[in-house]
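So this block is run_9.csv, CSV, C-alpha atoms and all ligand atoms:
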chain,number,residue,atom,x,y,z
A,1,MET,CA,20.4,-11.8,-15.8
A,2,ILE,CA,17.4,-10.5,-14.0
A,3,TRP,CA,15.5,-12.7,-11.6
A,4,TYR,CA,12.0,-11.4,-11.9
A,5,PRO,CA,9.5,-11.1,-9.0
A,6,TYR,CA,6.6,-13.5,-8.2
A,7,GLU,CA,7.4,-15.6,-11.3
A,8,GLN,CA,8.4,-19.1,-12.0
A,9,MET,CA,11.4,-18.3,-14.1
A,10,LYS,CA,11.1,-21.5,-16.1
A,11,GLY,CA,8.8,-20.8,-19.0
A,12,MET,CA,8.1,-17.2,-17.9
A,13,LYS,CA,6.4,-15.1,-20.5
A,14,ALA,CA,8.9,-12.3,-21.6
A,15,PRO,CA,8.1,-9.0,-19.9
A,16,TYR,CA,7.3,-6.0,-22.0
A,17,GLU,CA,10.3,-3.7,-22.4
A,18,ILE,CA,9.5,-0.1,-21.7
A,19,ILE,CA,11.5,2.4,-23.6
A,20,ASP,CA,9.7,5.6,-22.5
A,21,ALA,CA,7.0,6.7,-20.2
A,22,GLU,CA,5.0,9.9,-19.9
A,23,GLY,CA,1.8,10.8,-18.1
A,24,VAL,CA,-0.4,7.7,-17.8
A,25,TYR,CA,1.4,6.1,-20.8
A,26,LEU,CA,4.1,3.4,-21.0
A,27,TYR,CA,5.8,3.0,-24.4
A,28,THR,CA,7.2,-0.2,-25.8
A,29,LYS,CA,8.7,-0.4,-29.3
A,30,ASP,CA,5.4,-1.1,-30.9
A,31,GLN,CA,2.7,0.0,-28.5
A,32,LYS,CA,1.4,2.9,-26.3
A,33,LEU,CA,-0.2,1.6,-23.1
A,34,ILE,CA,-2.2,3.2,-20.4
A,35,ASP,CA,-0.7,2.0,-17.1
A,36,SER,CA,-3.8,0.8,-15.3
A,37,VAL,CA,-1.8,-0.3,-12.2
A,38,SER,CA,0.3,2.8,-11.7
A,39,SER,CA,3.5,0.7,-11.5
A,40,TRP,CA,2.4,-1.3,-8.5
A,41,TRP,CA,0.1,1.5,-7.3
A,42,CYS,CA,2.6,4.2,-6.6
A,43,MET,CA,2.8,6.4,-9.7
A,44,ILE,CA,-0.1,8.7,-8.8
A,45,HIS,CA,1.0,11.7,-10.8
A,46,GLY,CA,2.0,9.7,-13.8
A,47,TYR,CA,5.4,9.4,-15.4
A,48,LYS,CA,7.8,12.2,-16.3
A,49,ASN,CA,6.1,14.8,-14.2
A,50,LYS,CA,8.1,18.0,-14.9
A,51,GLU,CA,8.0,19.4,-11.4
A,52,ILE,CA,9.0,16.2,-9.7
A,53,ASN,CA,11.8,15.6,-12.2
A,54,GLU,CA,13.0,19.1,-11.6
A,55,VAL,CA,13.2,18.9,-7.8
A,56,ILE,CA,15.1,15.6,-8.1
A,57,LYS,CA,17.6,17.2,-10.6
A,58,ASN,CA,18.1,20.2,-8.3
A,59,GLN,CA,18.7,18.0,-5.3
A,60,LEU,CA,21.1,15.8,-7.4
A,61,ASP,CA,23.2,18.9,-8.2
A,62,LYS,CA,23.7,19.4,-4.4
A,63,PHE,CA,24.0,15.7,-3.4
A,64,ALA,CA,22.1,12.5,-4.0
A,65,HIS,CA,22.4,11.0,-0.6
A,66,VAL,CA,23.9,11.4,2.8
A,67,MET,CA,23.4,9.1,5.7
A,68,LEU,CA,21.1,10.1,8.6
A,69,GLY,CA,23.5,8.6,11.2
A,70,GLY,CA,25.2,11.7,12.7
A,71,LEU,CA,24.2,13.8,9.6
A,72,THR,CA,21.0,15.5,8.6
A,73,HIS,CA,19.8,17.6,5.6
A,74,GLU,CA,17.1,20.1,4.6
A,75,ALA,CA,15.0,17.7,2.4
A,76,ALA,CA,14.6,15.1,5.2
A,77,ALA,CA,13.8,17.8,7.8
A,78,LYS,CA,11.3,19.6,5.5
A,79,LEU,CA,9.5,16.4,4.8
A,80,SER,CA,9.2,15.4,8.4
A,81,ASP,CA,8.0,19.0,9.2
A,82,LYS,CA,5.4,18.8,6.4
A,83,LEU,CA,4.2,15.3,7.5
A,84,LYS,CA,3.9,16.5,11.1
A,85,GLU,CA,1.7,19.3,10.0
A,86,TRP,CA,-0.2,17.4,7.3
A,87,LEU,CA,-0.9,14.1,9.1
A,88,PRO,CA,-3.8,13.9,11.5
A,89,GLY,CA,-3.6,13.9,15.3
A,90,ASP,CA,-0.2,13.7,17.0
A,91,LEU,CA,1.4,11.4,14.4
A,92,ASP,CA,4.5,13.6,14.6
A,93,TYR,CA,7.7,11.4,14.6
A,94,CYS,CA,9.0,10.2,11.2
A,95,PHE,CA,11.3,7.3,10.9
A,96,TYR,CA,12.4,6.9,7.3
A,97,SER,CA,13.3,3.7,5.5
A,98,ASP,CA,13.8,2.6,1.9
A,99,SER,CA,10.7,0.5,1.3
A,100,GLY,CA,7.2,-0.3,2.6
A,101,SER,CA,8.2,-3.7,3.9
A,102,VAL,CA,11.0,-2.2,6.0
A,103,GLY,CA,8.6,0.5,7.1
A,104,VAL,CA,6.3,-2.3,8.4
A,105,GLU,CA,9.3,-4.1,10.1
A,106,VAL,CA,10.1,-0.8,11.9
A,107,ALA,CA,6.5,-0.4,13.0
A,108,LEU,CA,6.3,-3.9,14.4
A,109,LYS,CA,9.7,-3.5,16.1
A,110,MET,CA,8.5,-0.2,17.6
A,111,ALA,CA,5.3,-1.9,19.0
A,112,LEU,CA,7.2,-4.8,20.5
A,113,GLN,CA,10.0,-2.6,22.0
A,114,TYR,CA,7.4,-0.1,23.3
A,115,TYR,CA,6.2,-2.7,25.8
A,116,VAL,CA,9.7,-4.1,26.5
A,117,ASN,CA,10.9,-0.7,27.4
A,118,ALA,CA,8.0,-0.4,29.8
A,119,GLY,CA,9.1,-3.6,31.4
A,120,ASN,CA,6.2,-5.7,30.0
A,121,LEU,CA,7.7,-8.9,28.4
A,122,ASN,CA,4.3,-10.6,27.9
A,123,LYS,CA,3.1,-8.5,25.0
A,124,THR,CA,4.9,-10.4,22.2
A,125,LYS,CA,2.0,-11.2,19.8
A,126,VAL,CA,0.6,-9.4,16.9
A,127,LEU,CA,-3.0,-9.3,15.9
A,128,ALA,CA,-3.5,-9.1,12.1
A,129,LEU,CA,-6.2,-9.8,9.4
A,130,THR,CA,-6.8,-12.9,7.3
A,131,HIS,CA,-5.8,-12.1,3.7
A,132,ALA,CA,-3.4,-9.4,5.0
A,133,TYR,CA,-0.4,-8.3,3.0
A,134,HIS,CA,2.3,-6.3,4.7
A,135,GLY,CA,5.4,-6.9,2.5
A,136,ASP,CA,7.9,-9.6,1.7
A,137,THR,CA,10.4,-9.4,4.5
A,138,PHE,CA,10.2,-12.0,7.2
A,139,LYS,CA,8.2,-10.4,10.0
A,140,ALA,CA,6.0,-8.8,7.4
A,141,MET,CA,5.4,-12.2,5.9
A,142,GLU,CA,4.6,-13.6,9.3
A,143,VAL,CA,1.9,-11.0,10.0
A,144,GLY,CA,0.7,-11.3,6.5
A,145,ASP,CA,-1.6,-14.1,5.4
A,146,ASP,CA,-0.5,-14.8,1.9
A,147,GLU,CA,-0.8,-18.4,0.7
A,148,ASP,CA,2.4,-18.0,-1.3
A,149,TYR,CA,4.3,-17.6,1.9
A,150,HIS,CA,2.8,-20.6,3.7
A,151,PHE,CA,5.9,-22.6,2.7
A,152,VAL,CA,7.7,-20.6,5.4
A,153,LEU,CA,5.2,-22.0,8.0
A,154,GLU,CA,5.8,-25.4,6.7
A,155,ALA,CA,9.5,-25.0,7.0
A,156,TYR,CA,9.5,-23.2,10.3
A,157,GLY,CA,6.5,-24.7,12.0
A,158,GLU,CA,3.3,-23.0,13.2
A,159,LYS,CA,3.2,-19.3,13.7
A,160,LYS,CA,3.4,-18.5,17.4
A,161,ASN,CA,3.6,-14.8,17.4
A,162,CYS,CA,0.7,-13.8,15.2
A,163,ILE,CA,-3.1,-14.2,15.3
A,164,HIS,CA,-5.3,-13.7,12.3
A,165,ILE,CA,-8.9,-12.7,12.3
A,166,PRO,CA,-11.4,-11.8,9.6
A,167,THR,CA,-12.8,-8.2,9.3
A,168,GLU,CA,-15.8,-8.9,11.5
A,169,ILE,CA,-16.5,-7.1,14.8
A,170,PRO,CA,-17.4,-10.3,16.8
A,171,ALA,CA,-14.1,-11.9,15.8
A,172,LEU,CA,-12.3,-8.7,16.8
A,173,GLU,CA,-13.9,-8.5,20.2
A,174,GLU,CA,-13.2,-12.1,20.9
A,175,ALA,CA,-9.6,-11.8,20.0
A,176,PHE,CA,-9.0,-8.8,22.2
A,177,GLU,CA,-10.8,-10.5,25.1
A,178,LYS,CA,-8.8,-13.7,24.7
A,179,TYR,CA,-5.3,-12.4,23.8
A,180,HIS,CA,-5.0,-8.8,25.0
A,181,GLN,CA,-2.4,-9.6,27.6
A,182,GLU,CA,-0.1,-11.0,25.0
A,183,LEU,CA,-0.8,-8.5,22.2
A,184,ASN,CA,1.5,-5.5,21.5
A,185,CYS,CA,-0.3,-4.4,18.4
A,186,PHE,CA,-3.1,-4.8,15.9
A,187,ILE,CA,-1.8,-4.2,12.3
A,188,VAL,CA,-4.2,-3.6,9.4
A,189,GLU,CA,-4.4,-2.4,5.9
A,190,PRO,CA,-7.3,0.0,6.7
A,191,LEU,CA,-10.5,-0.3,4.5
A,192,LEU,CA,-8.7,-1.9,1.5
A,193,GLN,CA,-6.7,-5.0,1.6
A,194,GLY,CA,-4.6,-4.8,-1.6
A,195,ALA,CA,-2.5,-7.7,-2.5
A,196,GLY,CA,-4.8,-10.1,-0.6
A,197,GLY,CA,-7.4,-9.5,-3.3
A,198,MET,CA,-8.6,-5.8,-3.2
A,199,ARG,CA,-10.9,-6.7,-0.3
A,200,MET,CA,-12.9,-3.8,1.1
A,201,TYR,CA,-14.5,-3.3,4.5
A,202,GLY,CA,-16.0,-0.6,6.6
A,203,LEU,CA,-14.9,2.1,9.0
A,204,ASP,CA,-17.0,0.8,11.8
A,205,PHE,CA,-14.6,-2.2,12.1
A,206,LEU,CA,-11.7,0.2,12.5
A,207,LYS,CA,-13.6,2.4,15.0
A,208,ARG,CA,-14.3,-0.6,17.1
A,209,ALA,CA,-10.6,-1.6,16.9
A,210,ARG,CA,-9.5,1.8,18.0
A,211,LYS,CA,-11.8,1.6,21.1
A,212,LEU,CA,-10.6,-2.0,22.0
A,213,CYS,CA,-6.9,-1.0,21.5
A,214,ASP,CA,-7.4,1.8,24.0
A,215,GLU,CA,-9.4,-0.3,26.4
A,216,TYR,CA,-6.9,-3.2,26.4
A,217,ASP,CA,-3.7,-1.2,26.0
A,218,VAL,CA,-2.7,-2.5,22.5
A,219,LEU,CA,-1.1,-0.3,19.8
A,220,LEU,CA,-3.0,0.2,16.6
A,221,ILE,CA,-0.8,0.2,13.4
A,222,PHE,CA,-2.2,1.3,10.0
A,223,ASP,CA,-0.2,0.0,7.1
A,224,GLU,CA,-1.2,2.7,4.6
A,225,VAL,CA,1.6,1.8,2.2
A,226,ALA,CA,-1.1,1.1,-0.4
A,227,THR,CA,-4.1,3.0,0.9
A,228,GLY,CA,-2.3,6.3,1.7
A,229,PHE,CA,-2.5,9.4,-0.5
A,230,GLY,CA,-6.1,9.0,-1.6
A,231,ARG,CA,-6.3,5.4,-2.8
A,232,THR,CA,-9.5,4.7,-0.8
A,233,GLY,CA,-11.0,8.1,-1.5
A,234,TYR,CA,-9.9,9.4,1.9
A,235,ARG,CA,-6.6,11.3,2.0
A,236,PHE,CA,-5.5,8.8,4.6
A,237,VAL,CA,-7.8,6.4,6.4
A,238,SER,CA,-6.0,7.7,9.4
A,239,ASP,CA,-8.0,10.9,8.9
A,240,GLU,CA,-11.1,9.0,10.0
A,241,VAL,CA,-9.7,6.7,12.6
A,242,LEU,CA,-6.4,7.6,14.3
A,243,PRO,CA,-3.7,4.9,14.6
A,244,ASP,CA,-0.7,5.0,17.0
A,245,ILE,CA,1.7,4.2,14.2
A,246,LEU,CA,1.2,4.9,10.5
A,247,VAL,CA,3.3,3.4,7.7
A,248,LEU,CA,3.5,5.2,4.3
A,249,GLY,CA,5.3,4.0,1.2
A,250,LYS,CA,4.5,3.5,-2.5
A,251,ALA,CA,2.9,6.9,-3.4
A,252,LEU,CA,5.0,8.7,-0.8
A,253,THR,CA,7.4,9.9,-3.4
A,254,GLY,CA,4.8,10.0,-6.2
A,255,GLY,CA,6.4,6.6,-7.1
A,256,TYR,CA,9.6,8.2,-8.3
A,257,ILE,CA,12.1,6.7,-5.8
A,258,GLY,CA,11.5,3.9,-3.3
A,259,HIS,CA,11.0,5.2,0.2
A,260,ALA,CA,8.8,4.8,3.2
A,261,VAL,CA,8.1,6.4,6.5
A,262,THR,CA,6.9,5.0,9.8
A,263,VAL,CA,5.2,7.7,11.8
A,264,ALA,CA,4.7,7.4,15.5
A,265,ASN,CA,2.5,9.4,17.8
A,266,HIS,CA,3.7,11.0,21.1
A,267,LYS,CA,2.7,8.0,23.2
A,268,VAL,CA,4.9,5.6,21.2
A,269,TYR,CA,7.8,8.1,20.9
A,270,ASN,CA,7.8,8.8,24.6
A,271,GLY,CA,8.1,5.1,25.3
A,272,PHE,CA,11.6,5.3,23.8
A,273,TYR,CA,12.6,8.7,25.0
A,274,SER,CA,14.5,8.2,28.2
A,275,ASP,CA,17.8,8.3,30.0
A,276,ASN,CA,18.3,4.6,29.3
A,277,PRO,CA,20.4,4.1,26.1
A,278,SER,CA,19.0,0.6,25.6
A,279,HIS,CA,15.5,2.2,25.1
A,280,ALA,CA,16.6,3.7,21.8
A,281,LEU,CA,15.1,2.4,18.5
A,282,MET,CA,17.9,0.2,17.1
A,283,HIS,CA,17.2,0.5,13.4
A,284,GLY,CA,18.9,2.5,10.6
A,285,PRO,CA,18.6,1.5,6.9
A,286,THR,CA,21.5,2.8,4.8
A,287,PHE,CA,19.3,4.8,2.5
A,288,MET,CA,16.8,6.2,5.1
A,289,GLY,CA,16.0,9.8,4.4
A,290,ASN,CA,17.5,9.7,1.0
A,291,ALA,CA,17.7,13.3,-0.3
A,292,LEU,CA,16.3,12.6,-3.8
A,293,ALA,CA,13.4,10.6,-2.3
A,294,CYS,CA,12.6,13.3,0.3
A,295,SER,CA,12.7,16.0,-2.4
A,296,ALA,CA,10.4,14.0,-4.6
A,297,ALA,CA,8.0,13.3,-1.7
A,298,LEU,CA,7.7,17.0,-0.8
A,299,LYS,CA,6.9,17.9,-4.3
A,300,SER,CA,4.4,15.0,-4.6
A,301,ILE,CA,2.5,16.2,-1.5
A,302,GLU,CA,2.5,19.7,-2.9
A,303,LEU,CA,1.0,18.4,-6.2
A,304,PHE,CA,-1.5,16.3,-4.3
A,305,GLU,CA,-2.8,19.4,-2.4
A,306,LYS,CA,-2.6,21.9,-5.3
A,307,GLY,CA,-4.2,19.5,-7.7
A,308,ASN,CA,-7.2,19.0,-5.4
A,309,TYR,CA,-6.7,15.2,-5.8
A,310,LEU,CA,-9.4,14.1,-3.4
A,311,LYS,CA,-12.1,15.8,-5.5
A,312,ARG,CA,-10.5,14.3,-8.6
A,313,ILE,CA,-10.5,10.8,-7.0
A,314,ARG,CA,-14.2,11.2,-6.1
A,315,GLU,CA,-15.0,12.0,-9.7
A,316,LEU,CA,-13.0,9.0,-11.0
A,317,GLU,CA,-14.8,6.8,-8.5
A,318,LYS,CA,-18.1,8.1,-9.8
A,319,ILE,CA,-17.1,7.3,-13.4
A,320,MET,CA,-16.1,3.8,-12.5
A,321,ILE,CA,-19.4,3.2,-10.6
A,322,SER,CA,-21.5,4.5,-13.5
A,323,GLU,CA,-19.5,2.7,-16.2
A,324,MET,CA,-19.9,-0.7,-14.3
A,325,GLN,CA,-23.6,-0.1,-13.6
A,326,GLY,CA,-25.6,-3.0,-14.9
A,327,PHE,CA,-22.6,-4.9,-16.1
A,328,SER,CA,-22.6,-8.6,-15.1
A,329,ASP,CA,-21.4,-12.0,-16.3
A,330,PRO,CA,-21.9,-15.4,-14.8
A,331,ARG,CA,-18.2,-15.9,-14.5
A,332,ILE,CA,-17.9,-12.8,-12.2
A,333,ALA,CA,-18.2,-13.3,-8.4
A,334,ASP,CA,-18.0,-9.6,-7.4
A,335,ILE,CA,-17.2,-6.1,-8.6
A,336,ARG,CA,-15.7,-3.8,-6.0
A,337,ILE,CA,-14.9,-0.1,-6.4
A,338,MET,CA,-13.4,2.2,-3.8
A,339,GLY,CA,-11.7,5.6,-4.5
A,340,GLY,CA,-9.0,5.0,-7.1
A,341,CYS,CA,-9.4,1.2,-7.1
A,342,ILE,CA,-11.6,-1.2,-9.0
A,343,CYS,CA,-11.6,-5.0,-8.8
A,344,ILE,CA,-13.5,-7.6,-10.7
A,345,GLU,CA,-13.3,-10.9,-8.9
A,346,VAL,CA,-14.0,-13.9,-11.0
A,347,LYS,CA,-15.0,-17.3,-9.9
A,348,GLU,CA,-12.2,-19.2,-11.6
A,349,GLU,CA,-8.6,-18.1,-12.2
A,350,GLU,CA,-8.8,-19.6,-15.6
A,351,THR,CA,-11.2,-16.8,-16.7
A,352,LEU,CA,-8.4,-14.3,-16.6
A,353,LYS,CA,-5.8,-16.3,-18.6
A,354,GLY,CA,-4.6,-14.3,-21.6
A,355,TYR,CA,-6.1,-11.0,-20.3
A,356,GLN,CA,-2.8,-9.2,-20.1
A,357,GLU,CA,-2.0,-9.9,-23.8
A,358,TYR,CA,-5.6,-8.9,-24.8
A,359,ALA,CA,-5.2,-5.6,-22.8
A,360,TYR,CA,-1.9,-5.0,-24.4
A,361,LYS,CA,-3.4,-5.2,-27.9
A,362,ASN,CA,-6.0,-2.7,-26.7
A,363,GLY,CA,-3.4,-0.3,-25.4
A,364,VAL,CA,-3.8,-1.0,-21.7
A,365,PHE,CA,-1.2,-2.5,-19.4
A,366,ALA,CA,-2.8,-4.7,-16.7
A,367,ARG,CA,-1.5,-7.3,-14.4
A,368,PRO,CA,-4.3,-9.5,-13.0
A,369,PHE,CA,-3.4,-12.0,-10.4
A,370,LEU,CA,-5.3,-15.1,-9.1
A,371,LYS,CA,-9.0,-14.3,-9.4
A,372,TYR,CA,-8.5,-10.5,-9.4
A,373,LEU,CA,-8.8,-8.3,-12.5
A,374,TYR,CA,-8.1,-4.8,-11.1
A,375,ALA,CA,-7.0,-1.3,-11.8
A,376,MET,CA,-5.2,1.1,-9.5
A,377,ILE,CA,-5.4,4.2,-11.6
A,378,PRO,CA,-3.0,7.2,-11.7
A,379,TYR,CA,-5.0,10.2,-10.5
A,380,ILE,CA,-4.1,12.3,-13.5
A,381,ILE,CA,-6.0,10.0,-15.8
A,382,THR,CA,-8.7,11.5,-18.0
A,383,GLU,CA,-12.2,10.3,-18.4
A,384,PRO,CA,-11.7,8.8,-21.9
A,385,GLU,CA,-8.5,7.0,-20.7
A,386,LEU,CA,-10.3,5.6,-17.7
A,387,ILE,CA,-13.2,4.4,-19.8
A,388,ARG,CA,-10.7,2.7,-22.1
A,389,ILE,CA,-9.5,0.7,-19.2
A,390,LEU,CA,-13.0,-0.2,-18.1
A,391,ASP,CA,-14.1,-1.0,-21.6
A,392,THR,CA,-11.2,-3.3,-22.0
A,393,MET,CA,-12.2,-5.2,-18.9
A,394,LYS,CA,-15.8,-5.5,-20.0
A,395,GLN,CA,-15.1,-6.5,-23.6
A,396,TRP,CA,-12.9,-9.3,-22.3
A,397,PHE,CA,-16.1,-11.0,-21.1
A,398,VAL,CA,-18.5,-9.7,-23.7
A,399,LYS,CA,-16.6,-9.8,-27.0
A,400,GLU,CA,-13.4,-11.7,-26.5
A,401,ASN,CA,-14.8,-14.6,-24.5
A,402,PRO,CA,-18.6,-14.6,-24.9
A,403,VAL,CA,-20.4,-17.2,-22.8
A,501,LIG,C1,3.3,-2.9,-1.3
A,501,LIG,C2,3.0,-3.0,0.2
A,501,LIG,C3,4.0,-3.2,1.2
A,501,LIG,C4,5.4,-3.4,0.8
A,501,LIG,O1,6.0,-2.3,0.3
A,501,LIG,P1,7.4,-2.5,-0.5
A,501,LIG,O2,7.8,-1.1,-0.9
A,501,LIG,O3,7.1,-3.3,-1.7
A,501,LIG,O4,8.3,-3.2,0.4
A,501,LIG,C5,3.6,-3.2,2.5
A,501,LIG,N1,2.3,-3.1,2.8
A,501,LIG,C6,1.3,-2.9,1.9
A,501,LIG,C7,-0.1,-2.8,2.3
A,501,LIG,C8,1.6,-2.9,0.5
A,501,LIG,O5,0.7,-2.8,-0.4

Can the structure from this file be put into structure tokens for me?
Amino acid sequence: MIWYPYEQMKGMKAPYEIIDAEGVYLYTKDQKLIDSVSSWWCMIHGYKNKEINEVIKNQLDKFAHVMLGGLTHEAAAKLSDKLKEWLPGDLDYCFYSDSGSVGVEVALKMALQYYVNAGNLNKTKVLALTHAYHGDTFKAMEVGDDEDYHFVLEAYGEKKNCIHIPTEIPALEEAFEKYHQELNCFIVEPLLQGAGGMRMYGLDFLKRARKLCDEYDVLLIFDEVATGFGRTGYRFVSDEVLPDILVLGKALTGGYIGHAVTVANHKVYNGFYSDNPSHALMHGPTFMGNALACSAALKSIELFEKGNYLKRIRELEKIMISEMQGFSDPRIADIRIMGGCICIEVKEEETLKGYQEYAYKNGVFARPFLKYLYAMIPYIITEPELIRILDTMKQWFVKENPV
């Protein structure tokens, strides 16, 4: 029996069974649904994309997987070459792993060991943001700031290795001044904090963070597992402010196979490159560089470039802004839009109770959480399909539950 994620299994509502999927649509036995969350934000080209399916099948006919310990293969090499050329600055060294959480673990381990290798044993702390989400593994939970994980703190005692600050420049400056000698890195979800409630903030904060990291010798990590590949309207936020370490996941493979990559710049890589064997990065997930995943990722990047996705995302953003123009309701606290993301934050969680069922009846799959009714749309969505999602959101307040 399946143990489902983020659910109290006792009394859990039965999940919808999907029997087919194509483009932006999910099919159940009795309904055709627009997937407004892109299967946890990763399925940017939609389902059953012919070209991605084909490269996966071709790779499968050669081999599905070989380990990267002592072996290598064309798909993994091509993907790292492509990323080296495609990613900004000198983010050139690709460490593969099987999921975003592990990619974050690798980044945090890199940052800690970077200073240990340099003989500095004081820099053991991480600076992170309030409301941060970086994954569900233990170190990722610790640098995250998710109330659902606070039971860990209760069980283990106060966090000693992580400091959280809000996305405000004075708090940032104060933290650097106070803790810089102990900090090895500052990790952020740049511009858009996803699972923490689709919270949006500005580039000026990140620019100031970059300066402070340089000034105080602290590594800057961008967790772009969610924001990468156009979600914020930028290709990567890293194109605007350059981190030392970048983590990509979710949409990396177009959502077809779980995979992540932690990309280091020359400075970080050189902190490991030496005659001392103990300076090596001791990490190696079994499925790192999986051949099917790397093939899918290469094709996904090609589709992203060929399809002029950034222009498309700007158009989708414009539609969302104009469709939400003038819409308000006393139960709504805020409406936020950025790139391929829209979030309606309500004042009381209660307001969204029953929304998923309502959306289902209207041909939309949605998965609001806490006070957040959101969509992370697939980029191949058409204007009428997008408007359908937005109308479903608005009608929930106007027609289904009038004040
Ligand atoms: C989803 C997510 C992760 C975790 O990725 P998984 O593949 O689920 O392990 C990490 N960081 C951010 C910002 C995410 O949105």

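Residues within 9 Å of Phe176 of chain A, counting only C-alpha atoms and excluding same-chain residues fewer than 6 positions away, are Leu127, Leu183, Leu212, Cys213, Tyr216 and Val218 of chain A.
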
As a PyMOL selection string, please: the residues near Lys82 of chain A (cut-off 12 Å, only C-alpha atoms, same-chain neighbours under 6 positions excluded). chain A and resi 74-76+88+91-94+294-295+297-302

Contacts of Asp145 of chain A within 6 Å, all atoms listed in the file, excl. fewer than 6 positions in-chain, as a count of residues only: 3

Set out as a Markdown table a contact list for chain A and ligand LIG 501 (chain A) with a cut-off of 6 Å, giving each residue of chain A that qualifies its closest atom pair and distance in Å to one decimal, counting only C-alpha atoms and all ligand atoms, ordered by chain and rising residue number.
| residue | atom | partner | partner_atom | distance |
| --- | --- | --- | --- | --- |
| A:Ser99 | CA | A:LIG501 | O2 | 4.0 |
| A:Gly100 | CA | A:LIG501 | O1 | 3.3 |
| A:Ser101 | CA | A:LIG501 | O4 | 3.5 |
| A:Tyr133 | CA | A:LIG501 | C7 | 5.6 |
| A:His134 | CA | A:LIG501 | N1 | 3.7 |
| A:Gly135 | CA | A:LIG501 | C4 | 3.9 |
| A:Glu189 | CA | A:LIG501 | C7 | 5.6 |
| A:Gly194 | CA | A:LIG501 | O5 | 5.8 |
| A:Asp223 | CA | A:LIG501 | C7 | 5.6 |
| A:Val225 | CA | A:LIG501 | C6 | 4.7 |
| A:Ala226 | CA | A:LIG501 | O5 | 4.3 |
| A:Lys250 | CA | A:LIG501 | O2 | 5.9 |

What would the list of residues within 12 Å of (-13.6, -13.5, -24.6) (file frame) look like as number ranges by chain, if all atoms listed in the file are what count? A: 329, 331, 350-355, 358-359, 392-403

Can you work out the spacing between atom CA of Thr382 of chain A and atom CA of Arg336 of chain A in Å, to one decimal?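 Here the two named atoms are 20.7 Å from each other.
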
Name the closest residue to Asp146 of chain A among the candidates A:Ala118, A:Val24, A:Leu129, A:Ile221; distances are taken between atoms, counting all atoms listed in the file.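 Ranked by minimum distance to Asp146 of chain A, first place goes to A:Leu129.
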
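You can rank A:Phe95, A:Tyr47, A:Tyr201, A:Tyr6 by their closest distance to Tyr269 of chain A using all atoms listed in the file, and at the top of that list sits A:Phe95.
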
Which residue of A:Glu385, A:Glu17, A:Glu182, A:Glu168 approaches Tyr115 of chain A most closely, using all atoms listed in the file: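 Smallest separation from Tyr115 of chain A among the options: A:Glu182.
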
As an exercise, work out the distance from atom CA of Arg367 of chain A to atom CA of Glu147 of chain A in Å and give it to one decimal place. 18.8 Å

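Pairwise distance (atom CA of Ile163 of chain A, atom CA of Val143 of chain A) equals 8.0 Å.
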
With distances taken over all atoms listed in the file, which of A:Tyr25, A:Tyr149, A:Phe205, A:Tyr379 is nearest to Leu303 of chain A? A:Tyr379

Kindly provide, as number ranges by chain, the polymer residues lying within 8 Å of (3.1, -7.2, 9.6), counting all atoms listed in the file and using the coordinates exactly as they appear in the file. A: 104-105, 108, 128, 133-135, 139-144, 187

Rank nothing, just name the residue among A:Leu219, A:Ile18, A:Val37, A:Ile380 nearest to Leu242 of chain A, using only C-alpha atoms. A:Leu219

For Gln181 of chain A, which residue among A:Met110, A:Leu121, A:Glu22, A:Lys361 is the nearest when counting all atoms listed in the file?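 With all atoms listed in the file as the atom set, the closest residue is A:Leu121.
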